[in-house]
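Novice: Below is the file start_38.cif, which contains mmCIF, C-alpha atoms and all ligand atoms.
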```cif
data_upload
loop_
_atom_site.group_PDB
_atom_site.id
_atom_site.type_symbol
_atom_site.label_atom_id
_atom_site.label_comp_id
_atom_site.auth_asym_id
_atom_site.auth_seq_id
_atom_site.Cartn_x
_atom_site.Cartn_y
_atom_site.Cartn_z
ATOM 1 C CA MET A 265 37.022 -49.392 -103.127
ATOM 2 C CA ALA A 266 35.815 -45.779 -103.233
ATOM 3 C CA SER A 267 38.598 -43.222 -103.506
ATOM 4 C CA GLN A 268 39.632 -41.500 -100.298
ATOM 5 C CA ASN A 269 37.912 -38.199 -100.901
ATOM 6 C CA THR A 270 34.626 -39.467 -102.321
ATOM 7 C CA ILE A 271 31.732 -38.517 -100.086
ATOM 8 C CA LYS A 272 28.514 -40.172 -101.041
ATOM 9 C CA ILE A 273 24.944 -39.264 -100.263
ATOM 10 C CA CYS A 274 23.712 -42.835 -99.853
ATOM 11 C CA GLU A 275 20.276 -44.206 -100.470
ATOM 12 C CA PRO A 276 18.853 -46.453 -97.762
ATOM 13 C CA SER A 277 18.978 -49.271 -100.336
ATOM 14 C CA ASP A 278 22.835 -48.958 -100.499
ATOM 15 C CA ILE A 279 23.019 -49.965 -96.839
ATOM 16 C CA ILE A 280 22.955 -53.622 -95.872
ATOM 17 C CA LYS A 281 22.354 -54.866 -92.356
ATOM 18 C CA ASP A 282 22.749 -58.601 -92.149
ATOM 19 C CA ALA A 283 22.801 -61.104 -89.283
ATOM 20 C CA GLU A 284 26.558 -60.684 -88.830
ATOM 21 C CA THR A 285 26.567 -56.884 -88.576
ATOM 22 C CA LYS A 286 23.493 -57.034 -86.354
ATOM 23 C CA ARG A 287 25.280 -59.352 -83.935
ATOM 24 C CA LYS A 288 28.385 -57.133 -83.802
ATOM 25 C CA SER A 289 26.543 -53.852 -83.532
ATOM 26 C CA VAL A 290 26.570 -53.541 -79.753
ATOM 27 C CA PHE A 291 28.078 -50.230 -78.751
ATOM 28 C CA ASN A 292 28.285 -48.633 -75.387
ATOM 29 C CA SER A 293 27.058 -45.339 -76.680
ATOM 30 C CA THR A 294 25.001 -42.345 -75.761
ATOM 31 C CA SER A 295 24.624 -41.558 -79.429
ATOM 32 C CA VAL A 296 23.254 -44.002 -81.935
ATOM 33 C CA LEU A 297 25.547 -46.188 -83.974
ATOM 34 C CA ASP A 298 24.735 -48.883 -86.469
ATOM 35 C CA LEU A 299 27.247 -51.302 -87.933
ATOM 36 C CA VAL A 300 26.226 -52.022 -91.529
ATOM 37 C CA LYS A 301 27.730 -52.842 -94.918
ATOM 38 C CA LEU A 302 28.249 -50.377 -97.734
ATOM 39 C CA ASP A 303 29.881 -51.567 -100.978
ATOM 40 C CA ASN A 304 30.532 -54.838 -99.140
ATOM 41 C CA GLU A 305 32.672 -53.217 -96.425
ATOM 42 C CA GLU A 306 31.773 -52.766 -92.785
ATOM 43 C CA VAL A 307 31.011 -49.151 -91.943
ATOM 44 C CA LEU A 308 29.305 -47.356 -89.084
ATOM 45 C CA ILE A 309 26.332 -45.084 -89.398
ATOM 46 C CA LYS A 310 26.314 -42.408 -86.718
ATOM 47 C CA TYR A 311 23.100 -40.527 -86.388
ATOM 48 C CA LEU A 312 23.294 -36.812 -85.908
ATOM 49 C CA LEU A 313 21.538 -35.918 -82.725
ATOM 50 C CA PRO A 314 18.730 -33.502 -83.429
ATOM 51 C CA ARG A 315 19.248 -30.116 -81.891
ATOM 52 C CA LYS A 316 16.549 -27.534 -81.703
ATOM 53 C CA SER A 317 18.628 -25.148 -83.798
ATOM 54 C CA MET A 318 18.804 -27.694 -86.628
ATOM 55 C CA ALA A 319 15.156 -28.675 -86.799
ATOM 56 C CA ASN A 320 14.053 -26.382 -89.597
ATOM 57 C CA LYS A 321 17.269 -26.255 -91.581
ATOM 58 C CA ASP A 322 17.391 -26.974 -95.284
ATOM 59 C CA TRP A 323 19.219 -30.309 -95.088
ATOM 60 C CA PRO A 324 20.016 -30.867 -98.774
ATOM 61 C CA THR A 325 21.774 -27.485 -99.044
ATOM 62 C CA LEU A 326 23.504 -27.840 -95.694
ATOM 63 C CA LEU A 327 24.684 -31.302 -96.580
ATOM 64 C CA SER A 328 26.029 -30.377 -99.971
ATOM 65 C CA ASN A 329 27.985 -27.476 -98.410
ATOM 66 C CA GLU A 330 29.406 -29.738 -95.763
ATOM 67 C CA VAL A 331 30.210 -32.487 -98.209
ATOM 68 C CA GLU A 332 32.318 -30.012 -100.197
ATOM 69 C CA LYS A 333 34.175 -29.024 -97.028
ATOM 70 C CA LEU A 334 34.771 -32.632 -95.990
ATOM 71 C CA LYS A 335 35.959 -33.580 -99.477
ATOM 72 C CA GLU A 336 38.509 -30.800 -99.343
ATOM 73 C CA LEU A 337 39.633 -31.990 -95.920
ATOM 74 C CA GLN A 338 39.923 -35.610 -97.006
ATOM 75 C CA LEU A 339 42.113 -34.746 -99.994
ATOM 76 C CA ASN A 340 44.826 -34.700 -97.362
ATOM 77 C CA GLN A 341 45.247 -38.454 -97.280
ATOM 78 C CA ASN A 342 47.831 -38.845 -94.533
ATOM 79 C CA SER A 343 45.882 -36.883 -92.049
ATOM 80 C CA ASN A 344 45.066 -39.375 -89.267
ATOM 81 C CA LEU A 345 41.410 -38.510 -89.527
ATOM 82 C CA VAL A 346 38.702 -41.171 -89.645
ATOM 83 C CA ARG A 347 37.394 -41.285 -93.178
ATOM 84 C CA ILE A 348 33.868 -40.084 -93.700
ATOM 85 C CA ARG A 349 32.265 -42.100 -96.471
ATOM 86 C CA GLY A 350 29.105 -40.089 -96.773
ATOM 87 C CA PHE A 351 25.703 -39.364 -95.391
ATOM 88 C CA VAL A 352 22.502 -41.298 -95.469
ATOM 89 C CA LYS A 353 19.082 -39.788 -95.134
ATOM 90 C CA ASP A 354 15.742 -41.210 -94.093
ATOM 91 C CA ILE A 355 16.975 -44.525 -92.853
ATOM 92 C CA HIS A 356 15.057 -46.398 -90.226
ATOM 93 C CA PHE A 357 16.711 -49.028 -88.136
ATOM 94 C CA GLU A 358 15.356 -50.352 -84.877
ATOM 95 C CA ARG A 359 16.998 -47.769 -82.691
ATOM 96 C CA ARG A 360 16.341 -44.638 -84.688
ATOM 97 C CA ASN A 361 13.486 -43.235 -86.623
ATOM 98 C CA ASN A 362 13.877 -39.660 -87.689
ATOM 99 C CA ASN A 363 14.719 -37.545 -90.667
ATOM 100 C CA PHE A 364 18.142 -36.461 -89.549
ATOM 101 C CA PRO A 365 20.925 -37.730 -91.722
ATOM 102 C CA GLY A 366 23.378 -40.357 -90.543
ATOM 103 C CA LEU A 367 27.090 -39.972 -91.034
ATOM 104 C CA VAL A 368 28.726 -42.998 -92.651
ATOM 105 C CA VAL A 369 32.268 -43.607 -91.389
ATOM 106 C CA ASP A 370 34.933 -46.306 -91.572
ATOM 107 C CA TYR A 371 34.573 -48.981 -88.911
ATOM 108 C CA PHE A 372 37.589 -49.480 -86.614
ATOM 109 C CA SER A 373 37.467 -53.011 -85.285
ATOM 110 C CA ASP A 374 40.468 -52.354 -82.960
ATOM 111 C CA GLY A 375 38.396 -49.898 -80.903
ATOM 112 C CA ASN A 376 39.448 -46.624 -79.311
ATOM 113 C CA LEU A 377 42.544 -45.296 -77.529
ATOM 114 C CA GLN A 378 41.277 -46.427 -74.127
ATOM 115 C CA ASN A 379 40.771 -50.014 -75.367
ATOM 116 C CA TYR A 380 44.295 -49.863 -76.847
ATOM 117 C CA ILE A 381 45.964 -48.525 -73.695
ATOM 118 C CA GLU A 382 44.151 -51.051 -71.511
ATOM 119 C CA LYS A 383 45.697 -53.780 -73.684
ATOM 120 C CA HIS A 384 49.187 -52.204 -73.696
ATOM 121 C CA SER A 385 49.920 -51.348 -70.094
ATOM 122 C CA ASP A 386 53.695 -51.283 -70.735
ATOM 123 C CA LEU A 387 53.606 -49.205 -73.907
ATOM 124 C CA PRO A 388 57.143 -48.080 -74.814
ATOM 125 C CA TRP A 389 57.778 -44.327 -74.820
ATOM 126 C CA LYS A 390 58.647 -44.363 -78.515
ATOM 127 C CA LYS A 391 55.175 -45.733 -79.317
ATOM 128 C CA ARG A 392 53.539 -43.206 -77.005
ATOM 129 C CA TYR A 393 55.421 -40.400 -78.705
ATOM 130 C CA GLU A 394 54.382 -41.624 -82.171
ATOM 131 C CA ILE A 395 50.725 -41.903 -81.178
ATOM 132 C CA ALA A 396 50.730 -38.464 -79.526
ATOM 133 C CA LEU A 397 52.385 -36.924 -82.579
ATOM 134 C CA LYS A 398 49.895 -38.461 -85.013
ATOM 135 C CA ILE A 399 46.904 -37.248 -83.006
ATOM 136 C CA THR A 400 48.431 -33.765 -82.840
ATOM 137 C CA GLU A 401 49.075 -33.799 -86.586
ATOM 138 C CA GLY A 402 45.495 -34.892 -87.246
ATOM 139 C CA LEU A 403 44.222 -31.992 -85.168
ATOM 140 C CA ARG A 404 46.551 -29.612 -86.980
ATOM 141 C CA THR A 405 45.072 -30.746 -90.302
ATOM 142 C CA LEU A 406 41.560 -30.019 -89.014
ATOM 143 C CA HIS A 407 42.598 -26.564 -87.858
ATOM 144 C CA GLN A 408 44.379 -25.855 -91.138
ATOM 145 C CA PHE A 409 41.022 -26.375 -92.827
ATOM 146 C CA GLY A 410 39.266 -24.150 -90.323
ATOM 147 C CA VAL A 411 37.487 -27.026 -88.584
ATOM 148 C CA TYR A 412 37.374 -27.127 -84.778
ATOM 149 C CA HIS A 413 36.697 -30.562 -83.412
ATOM 150 C CA ASN A 414 34.534 -29.549 -80.498
ATOM 151 C CA ASP A 415 34.402 -32.989 -78.851
ATOM 152 C CA LEU A 416 37.982 -34.215 -78.719
ATOM 153 C CA LYS A 417 38.350 -37.006 -76.160
ATOM 154 C CA ILE A 418 39.750 -40.490 -75.665
ATOM 155 C CA SER A 419 36.754 -42.355 -77.126
ATOM 156 C CA ASN A 420 37.013 -40.188 -80.236
ATOM 157 C CA ILE A 421 40.504 -41.477 -80.989
ATOM 158 C CA LEU A 422 40.125 -44.749 -82.890
ATOM 159 C CA MET A 423 42.951 -47.204 -83.478
ATOM 160 C CA LYS A 424 44.013 -49.243 -86.483
ATOM 161 C CA GLY A 425 46.830 -51.367 -85.040
ATOM 162 C CA ASP A 426 49.154 -48.830 -83.387
ATOM 163 C CA VAL A 427 47.941 -45.883 -85.466
ATOM 164 C CA PRO A 428 45.430 -43.362 -84.073
ATOM 165 C CA TYR A 429 42.712 -41.620 -86.073
ATOM 166 C CA ILE A 430 40.598 -38.706 -84.894
ATOM 167 C CA SER A 431 36.902 -39.444 -85.143
ATOM 168 C CA ASP A 432 33.635 -37.497 -84.937
ATOM 169 C CA TYR A 433 34.977 -34.277 -86.438
ATOM 170 C CA GLY A 434 32.213 -34.559 -89.048
ATOM 171 C CA PHE A 435 29.765 -33.419 -86.403
ATOM 172 C CA SER A 436 31.785 -30.288 -85.809
ATOM 173 C CA VAL A 437 31.598 -29.476 -89.491
ATOM 174 C CA VAL A 438 27.955 -30.256 -89.893
ATOM 175 C CA ASN A 439 26.604 -28.942 -86.641
ATOM 176 C CA ASP A 440 25.576 -25.393 -86.154
ATOM 177 C CA PRO A 441 28.701 -23.614 -84.945
ATOM 178 C CA CYS A 442 26.528 -21.558 -82.623
ATOM 179 C CA ARG A 443 26.533 -23.614 -79.457
ATOM 180 C CA SER A 444 23.374 -22.214 -77.955
ATOM 181 C CA ASN A 445 21.546 -25.547 -77.912
ATOM 182 C CA GLY A 446 24.479 -27.868 -77.500
ATOM 183 C CA ILE A 447 25.009 -30.009 -74.445
ATOM 184 C CA TYR A 448 28.371 -31.572 -74.960
ATOM 185 C CA SER A 449 28.859 -35.039 -73.678
ATOM 186 C CA ALA A 450 32.374 -34.656 -72.310
ATOM 187 C CA PRO A 451 32.477 -31.786 -69.825
ATOM 188 C CA LEU A 452 35.757 -33.068 -68.373
ATOM 189 C CA PHE A 453 37.518 -32.365 -71.642
ATOM 190 C CA LEU A 454 36.083 -28.875 -72.080
ATOM 191 C CA SER A 455 38.257 -25.817 -71.595
ATOM 192 C CA PRO A 456 37.381 -23.639 -68.580
ATOM 193 C CA VAL A 457 36.023 -20.935 -70.923
ATOM 194 C CA GLN A 458 33.603 -23.324 -72.618
ATOM 195 C CA LEU A 459 32.726 -25.119 -69.397
ATOM 196 C CA GLU A 460 31.780 -21.876 -67.740
ATOM 197 C CA GLU A 461 29.740 -20.881 -70.753
ATOM 198 C CA LEU A 462 27.996 -24.204 -71.061
ATOM 199 C CA PHE A 463 26.826 -24.372 -67.477
ATOM 200 C CA LEU A 464 26.689 -20.806 -66.322
ATOM 201 C CA GLY A 465 25.803 -19.162 -69.641
ATOM 202 C CA SER A 466 27.024 -15.866 -71.008
ATOM 203 C CA LYS A 467 25.447 -12.986 -72.886
ATOM 204 C CA ASN A 468 28.452 -12.779 -75.206
ATOM 205 C CA PRO A 469 29.575 -16.366 -75.691
ATOM 206 C CA THR A 470 33.135 -16.916 -76.811
ATOM 207 C CA PRO A 471 32.930 -18.907 -80.045
ATOM 208 C CA TYR A 472 34.527 -22.312 -79.774
ATOM 209 C CA ASN A 473 38.003 -22.059 -81.273
ATOM 210 C CA GLU A 474 41.268 -23.923 -81.764
ATOM 211 C CA LYS A 475 42.437 -23.107 -78.226
ATOM 212 C CA ASP A 476 39.550 -25.135 -76.804
ATOM 213 C CA ASP A 477 40.602 -28.143 -78.915
ATOM 214 C CA ILE A 478 44.213 -27.756 -77.736
ATOM 215 C CA TYR A 479 42.969 -27.820 -74.139
ATOM 216 C CA SER A 480 41.109 -31.090 -74.832
ATOM 217 C CA LEU A 481 44.215 -32.445 -76.586
ATOM 218 C CA SER A 482 46.244 -31.878 -73.419
ATOM 219 C CA PHE A 483 44.043 -34.419 -71.580
ATOM 220 C CA ILE A 484 44.671 -36.965 -74.304
ATOM 221 C CA LEU A 485 48.426 -36.340 -74.119
ATOM 222 C CA TYR A 486 48.275 -36.773 -70.335
ATOM 223 C CA TYR A 487 46.467 -40.075 -70.828
ATOM 224 C CA ILE A 488 49.122 -41.310 -73.257
ATOM 225 C CA ALA A 489 51.962 -40.205 -70.961
ATOM 226 C CA TYR A 490 50.558 -41.582 -67.692
ATOM 227 C CA LEU A 491 48.364 -44.376 -69.135
ATOM 228 C CA LYS A 492 45.539 -43.171 -66.915
ATOM 229 C CA LYS A 493 43.064 -40.327 -66.937
ATOM 230 C CA PRO A 494 43.888 -37.117 -65.098
ATOM 231 C CA TRP A 495 40.755 -37.491 -62.967
ATOM 232 C CA ALA A 496 39.566 -40.348 -60.791
ATOM 233 C CA ALA A 497 35.814 -40.200 -61.279
ATOM 234 C CA GLU A 498 33.603 -40.588 -64.305
ATOM 235 C CA ILE A 499 31.014 -37.885 -64.799
ATOM 236 C CA LYS A 500 27.813 -39.714 -65.528
ATOM 237 C CA ASP A 501 25.482 -36.943 -66.522
ATOM 238 C CA THR A 502 25.254 -33.233 -67.012
ATOM 239 C CA SER A 503 23.835 -32.594 -63.538
ATOM 240 C CA ASP A 504 27.072 -33.984 -61.980
ATOM 241 C CA ALA A 505 29.054 -31.798 -64.334
ATOM 242 C CA SER A 506 26.925 -28.803 -63.566
ATOM 243 C CA LEU A 507 27.476 -29.298 -59.831
ATOM 244 C CA ILE A 508 31.240 -29.618 -60.229
ATOM 245 C CA CYS A 509 31.240 -26.581 -62.425
ATOM 246 C CA SER A 510 29.361 -24.403 -59.987
ATOM 247 C CA ILE A 511 31.778 -25.457 -57.206
ATOM 248 C CA LEU A 512 34.772 -24.662 -59.434
ATOM 249 C CA PHE A 513 33.552 -21.254 -60.453
ATOM 250 C CA LYS A 514 32.462 -20.348 -56.916
ATOM 251 C CA ILE A 515 36.003 -21.143 -55.780
ATOM 252 C CA LYS A 516 37.378 -18.996 -58.597
ATOM 253 C CA ASP A 517 35.205 -16.017 -57.586
ATOM 254 C CA HIS A 518 36.483 -15.995 -53.999
HETATM 255 N N1 LIG A 601 33.979 -45.697 -86.485
HETATM 256 C C1 LIG A 601 34.068 -46.396 -85.353
HETATM 257 N N2 LIG A 601 34.628 -47.630 -85.358
HETATM 258 C C2 LIG A 601 34.739 -48.345 -84.213
HETATM 259 N N3 LIG A 601 34.335 -47.915 -83.003
HETATM 260 C C3 LIG A 601 33.763 -46.700 -82.938
HETATM 261 C C4 LIG A 601 33.607 -45.874 -84.092
HETATM 262 N N4 LIG A 601 33.014 -44.706 -83.718
HETATM 263 C C5 LIG A 601 32.831 -44.811 -82.386
HETATM 264 N N5 LIG A 601 33.283 -45.993 -81.911
HETATM 265 C C6 LIG A 601 33.271 -46.435 -80.510
HETATM 266 O O1 LIG A 601 31.918 -46.648 -80.130
HETATM 267 C C7 LIG A 601 31.681 -46.138 -78.818
HETATM 268 C C8 LIG A 601 30.590 -45.082 -78.869
HETATM 269 O O2 LIG A 601 31.019 -44.002 -79.692
HETATM 270 P P1 LIG A 601 30.203 -42.637 -79.759
HETATM 271 O O3 LIG A 601 30.947 -41.722 -80.684
HETATM 272 O O4 LIG A 601 28.784 -42.923 -80.054
HETATM 273 O O5 LIG A 601 30.261 -42.121 -78.260
HETATM 274 P P2 LIG A 601 31.440 -41.421 -77.517
HETATM 275 O O6 LIG A 601 32.649 -41.289 -78.408
HETATM 276 O O7 LIG A 601 31.667 -42.136 -76.222
HETATM 277 O O8 LIG A 601 30.810 -40.004 -77.209
HETATM 278 P P3 LIG A 601 30.363 -38.914 -78.328
HETATM 279 O O9 LIG A 601 28.946 -39.304 -78.678
HETATM 280 O O10 LIG A 601 30.450 -37.618 -77.612
HETATM 281 O O11 LIG A 601 31.317 -39.012 -79.480
HETATM 282 C C9 LIG A 601 33.027 -45.560 -78.323
HETATM 283 O O12 LIG A 601 33.670 -46.560 -77.562
HETATM 284 C C10 LIG A 601 33.788 -45.294 -79.589
HETATM 285 O O13 LIG A 601 35.188 -45.351 -79.373
HETATM 286 MG MG MG A 602 32.538 -40.526 -80.417
#
```
Will you turn the file into structure tokens for me?
Ligand SMILES: Nc1ncnc2c1ncn2[C@@H]1O[C@H](COP(=O)(O)OP(=O)(O)OP(=O)(O)O)[C@@H](O)[C@H]1O
Ligand SMILES: [Mg+2]
Specialist:
Amino acid sequence: MASQNTIKICEPSDIIKDAETKRKSVFNSTSVLDLVKLDNEEVLIKYLLPRKSMANKDWPTLLSNEVEKLKELQLNQNSNLVRIRGFVKDIHFERRNNNFPGLVVDYFSDGNLQNYIEKHSDLPWKKRYEIALKITEGLRTLHQFGVYHNDLKISNILMKGDVPYISDYGFSVVNDPCRSNGIYSAPLFLSPVQLEELFLGSKNPTPYNEKDDIYSLSFILYYIAYLKKPWAAEIKDTSDASLICSILFKIKDH
């Protein structure tokens, strides 16, 4: 097995998609995920969503910079962060055909925190405390390395048994930190500062920072404490979110 901090730039020929992984690779996802095998282990490829700001970037240089950063981060082996195995470029499966690199991550067959909580409706407080602490420690590790998650939410906490791991932080490292072209998929987890910026815009945007992640973390802690989300509805698309946002900020202005 590859050592914990090895981050590989994979060739498409390293990746195997057989009948078994094909059958299992059904994800309820807005992004694009592919379950495949790398070095005979099941891993997920997550395709980076192209943003306008990334279109003309020099990928090899960007990737090698980010790989160095991720390697440094993954030297911390007890960090409760989903392991990033590497990147793969120019790979064409049925659902994706572009030149943006895919992120190769460990596959968590136990699913995410929501799947876990739905199965454990009478979760003891000690367990809840341990899970909350591990997620918080994982986030602290990210912040210690100067990485802001940017998309912290329940589906980005993956479970191995009773142990949580923070996922999708690789996108925060790789993506352009300037959010000008970013539509984030989880407006309900965004801090008021970022929500206002995202939907109402600002001439001097406040850069995303650790406080925004802490705000998102508070929703996750609420979920663990109450075993339900702090809101009743699901926001289906950005126009719903935009509407809610304009109502919220109108109220605030009065
Ligand atoms: N490495 C993984 N192993 C197992 N399940 C995963 C893994 N990564 C994501 N998932 C699950 O697959 C589903 C889709 O994940 P995906 O990251 O594409 O979307 P999301 O987390 O809902 O939103 P976002 O695209 O903003 O992260 C979620 O239920 C997520 O928990
Ligand atoms: Mg995710």
Novice: Could you tell me, as a list in words, exactly which residues end up selected when the PyMOL selection byres (((not hetatm)) within 7 of (chain A and resi 602)) is applied to this structure?
Specialist: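 Selected by the PyMOL selection byres (((not hetatm)) within 7 of (chain A and resi 602)) in this file: Ser419, Asn420, Ser431 and Asp432 of chain A.
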Novice: For Lys475 (chain A), which residue among A:His407, A:Lys286, A:His384, A:Lys335 is the nearest when counting only C-alpha atoms?
Specialist: A:His407
Novice: Any chance you could work out the residue set of the PyMOL selection byres (((chain A and resi 426) around 10) and not hetatm) here, as a PDB file with C-alpha atoms, keeping the file's coordinate frame?
Specialist:
```pdb
ATOM      1  CA  ASP A 374      40.468 -52.354 -82.960  1.00  0.00           C
ATOM      2  CA  LEU A 377      42.544 -45.296 -77.529  1.00  0.00           C
ATOM      3  CA  TYR A 380      44.295 -49.863 -76.847  1.00  0.00           C
ATOM      4  CA  LYS A 391      55.175 -45.733 -79.317  1.00  0.00           C
ATOM      5  CA  ARG A 392      53.539 -43.206 -77.005  1.00  0.00           C
ATOM      6  CA  GLU A 394      54.382 -41.624 -82.171  1.00  0.00           C
ATOM      7  CA  ILE A 395      50.725 -41.903 -81.178  1.00  0.00           C
ATOM      8  CA  LEU A 422      40.125 -44.749 -82.890  1.00  0.00           C
ATOM      9  CA  MET A 423      42.951 -47.204 -83.478  1.00  0.00           C
ATOM     10  CA  LYS A 424      44.013 -49.243 -86.483  1.00  0.00           C
ATOM     11  CA  GLY A 425      46.830 -51.367 -85.040  1.00  0.00           C
ATOM     12  CA  VAL A 427      47.941 -45.883 -85.466  1.00  0.00           C
ATOM     13  CA  PRO A 428      45.430 -43.362 -84.073  1.00  0.00           C
TER      14      PRO A 428
END
```
Novice: Which residue, A:Leu485, A:Leu337, A:Asp477, A:Gly434, has the smallest gap to Lys398 (chain A) when you use only C-alpha atoms?
Specialist: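 Among A:Leu485, A:Leu337, A:Asp477, A:Gly434, it is A:Leu485 that comes nearest to Lys398 (chain A).
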Novice: Report the distance between CA of Glu382 (chain A) and atom C10 of ligand LIG 601 (chain A) in Å, rounded to one decimal place.
Specialist: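 Taking CA of Glu382 (chain A) and atom C10 of ligand LIG 601 (chain A), their separation equals 14.3 Å.
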Novice: Provide the CA of Tyr490 (chain A) to CA of Asp386 (chain A) distance in Å, to one decimal place.
Specialist: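 Computing the Euclidean distance for CA of Tyr490 (chain A) and CA of Asp386 (chain A) yields 10.6 Å.
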Novice: From the options A:Leu406, A:Cys274, A:Ile418, A:Val300, which residue's atoms come nearest to ligand LIG 601 (chain A), counting only C-alpha atoms and all ligand atoms?
Specialist: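 Closest to ligand LIG 601 (chain A) of all the choices is A:Ile418.
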Novice: Have a look at A:Pro494, A:Pro471, A:Gly375, A:Gly366 and name the one nearest to ligand LIG 601 (chain A); count only C-alpha atoms and all ligand atoms.
Specialist: A:Gly375
Novice: Please put the answer as lines of an AutoDock Vina configuration file: centre and edge lengths, in Å with one decimal, of a box along x, y and z that encloses all listed atoms of ligand LIG 601 (chain A) plus 4 Å on each side.
Specialist:
```
center_x = 32.0
center_y = -43.0
center_z = -81.4
size_x = 14.4
size_y = 18.7
size_z = 18.3
```
Novice: Place N, CA and C atoms on region 401-419 of chain A and deliver the coordinates as an mmCIF file, in the coordinates of the input.
Specialist:
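Generated file (rebuild-v2.cif):
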```cif
data_model
loop_
_atom_site.group_PDB
_atom_site.id
_atom_site.type_symbol
_atom_site.label_atom_id
_atom_site.label_comp_id
_atom_site.auth_asym_id
_atom_site.auth_seq_id
_atom_site.Cartn_x
_atom_site.Cartn_y
_atom_site.Cartn_z
ATOM 1 N N GLU A 401 49.053 -34.149 -85.155
ATOM 2 C CA GLU A 401 49.075 -33.799 -86.586
ATOM 3 C C GLU A 401 47.671 -33.828 -87.184
ATOM 4 N N GLY A 402 46.880 -34.818 -86.760
ATOM 5 C CA GLY A 402 45.495 -34.892 -87.246
ATOM 6 C C GLY A 402 44.726 -33.640 -86.866
ATOM 7 N N LEU A 403 44.925 -33.197 -85.627
ATOM 8 C CA LEU A 403 44.222 -31.992 -85.168
ATOM 9 C C LEU A 403 44.714 -30.763 -85.943
ATOM 10 N N ARG A 404 46.022 -30.749 -86.212
ATOM 11 C CA ARG A 404 46.551 -29.612 -86.980
ATOM 12 C C ARG A 404 45.896 -29.557 -88.375
ATOM 13 N N THR A 405 45.722 -30.728 -88.986
ATOM 14 C CA THR A 405 45.072 -30.746 -90.302
ATOM 15 C C THR A 405 43.670 -30.148 -90.203
ATOM 16 N N LEU A 406 42.920 -30.569 -89.178
ATOM 17 C CA LEU A 406 41.560 -30.019 -89.014
ATOM 18 C C LEU A 406 41.617 -28.502 -88.914
ATOM 19 N N HIS A 407 42.518 -28.017 -88.070
ATOM 20 C CA HIS A 407 42.598 -26.564 -87.858
ATOM 21 C C HIS A 407 43.048 -25.839 -89.121
ATOM 22 N N GLN A 408 43.940 -26.493 -89.890
ATOM 23 C CA GLN A 408 44.379 -25.855 -91.138
ATOM 24 C C GLN A 408 43.207 -25.647 -92.095
ATOM 25 N N PHE A 409 42.202 -26.510 -91.969
ATOM 26 C CA PHE A 409 41.022 -26.375 -92.827
ATOM 27 C C PHE A 409 39.911 -25.592 -92.137
ATOM 28 N N GLY A 410 40.239 -24.997 -91.022
ATOM 29 C CA GLY A 410 39.266 -24.150 -90.323
ATOM 30 C C GLY A 410 38.185 -24.937 -89.602
ATOM 31 N N VAL A 411 38.477 -26.209 -89.287
ATOM 32 C CA VAL A 411 37.487 -27.026 -88.584
ATOM 33 C C VAL A 411 37.935 -27.210 -87.134
ATOM 34 N N TYR A 412 37.067 -26.885 -86.188
ATOM 35 C CA TYR A 412 37.374 -27.127 -84.778
ATOM 36 C C TYR A 412 36.627 -28.379 -84.374
ATOM 37 N N HIS A 413 37.309 -29.264 -83.666
ATOM 38 C CA HIS A 413 36.697 -30.562 -83.412
ATOM 39 C C HIS A 413 35.484 -30.463 -82.498
ATOM 40 N N ASN A 414 35.685 -29.788 -81.349
ATOM 41 C CA ASN A 414 34.534 -29.549 -80.498
ATOM 42 C C ASN A 414 34.208 -30.678 -79.521
ATOM 43 N N ASP A 415 34.722 -31.856 -79.738
ATOM 44 C CA ASP A 415 34.402 -32.989 -78.851
ATOM 45 C C ASP A 415 35.585 -33.962 -78.831
ATOM 46 N N LEU A 416 36.777 -33.385 -78.677
ATOM 47 C CA LEU A 416 37.982 -34.215 -78.719
ATOM 48 C C LEU A 416 38.153 -34.920 -77.369
ATOM 49 N N LYS A 417 38.203 -36.229 -77.396
ATOM 50 C CA LYS A 417 38.350 -37.006 -76.160
ATOM 51 C C LYS A 417 38.816 -38.414 -76.509
ATOM 52 N N ILE A 418 39.106 -39.190 -75.460
ATOM 53 C CA ILE A 418 39.750 -40.490 -75.665
ATOM 54 C C ILE A 418 38.901 -41.424 -76.541
ATOM 55 N N SER A 419 37.576 -41.424 -76.335
ATOM 56 C CA SER A 419 36.754 -42.355 -77.126
ATOM 57 C C SER A 419 36.619 -41.892 -78.577
#
```
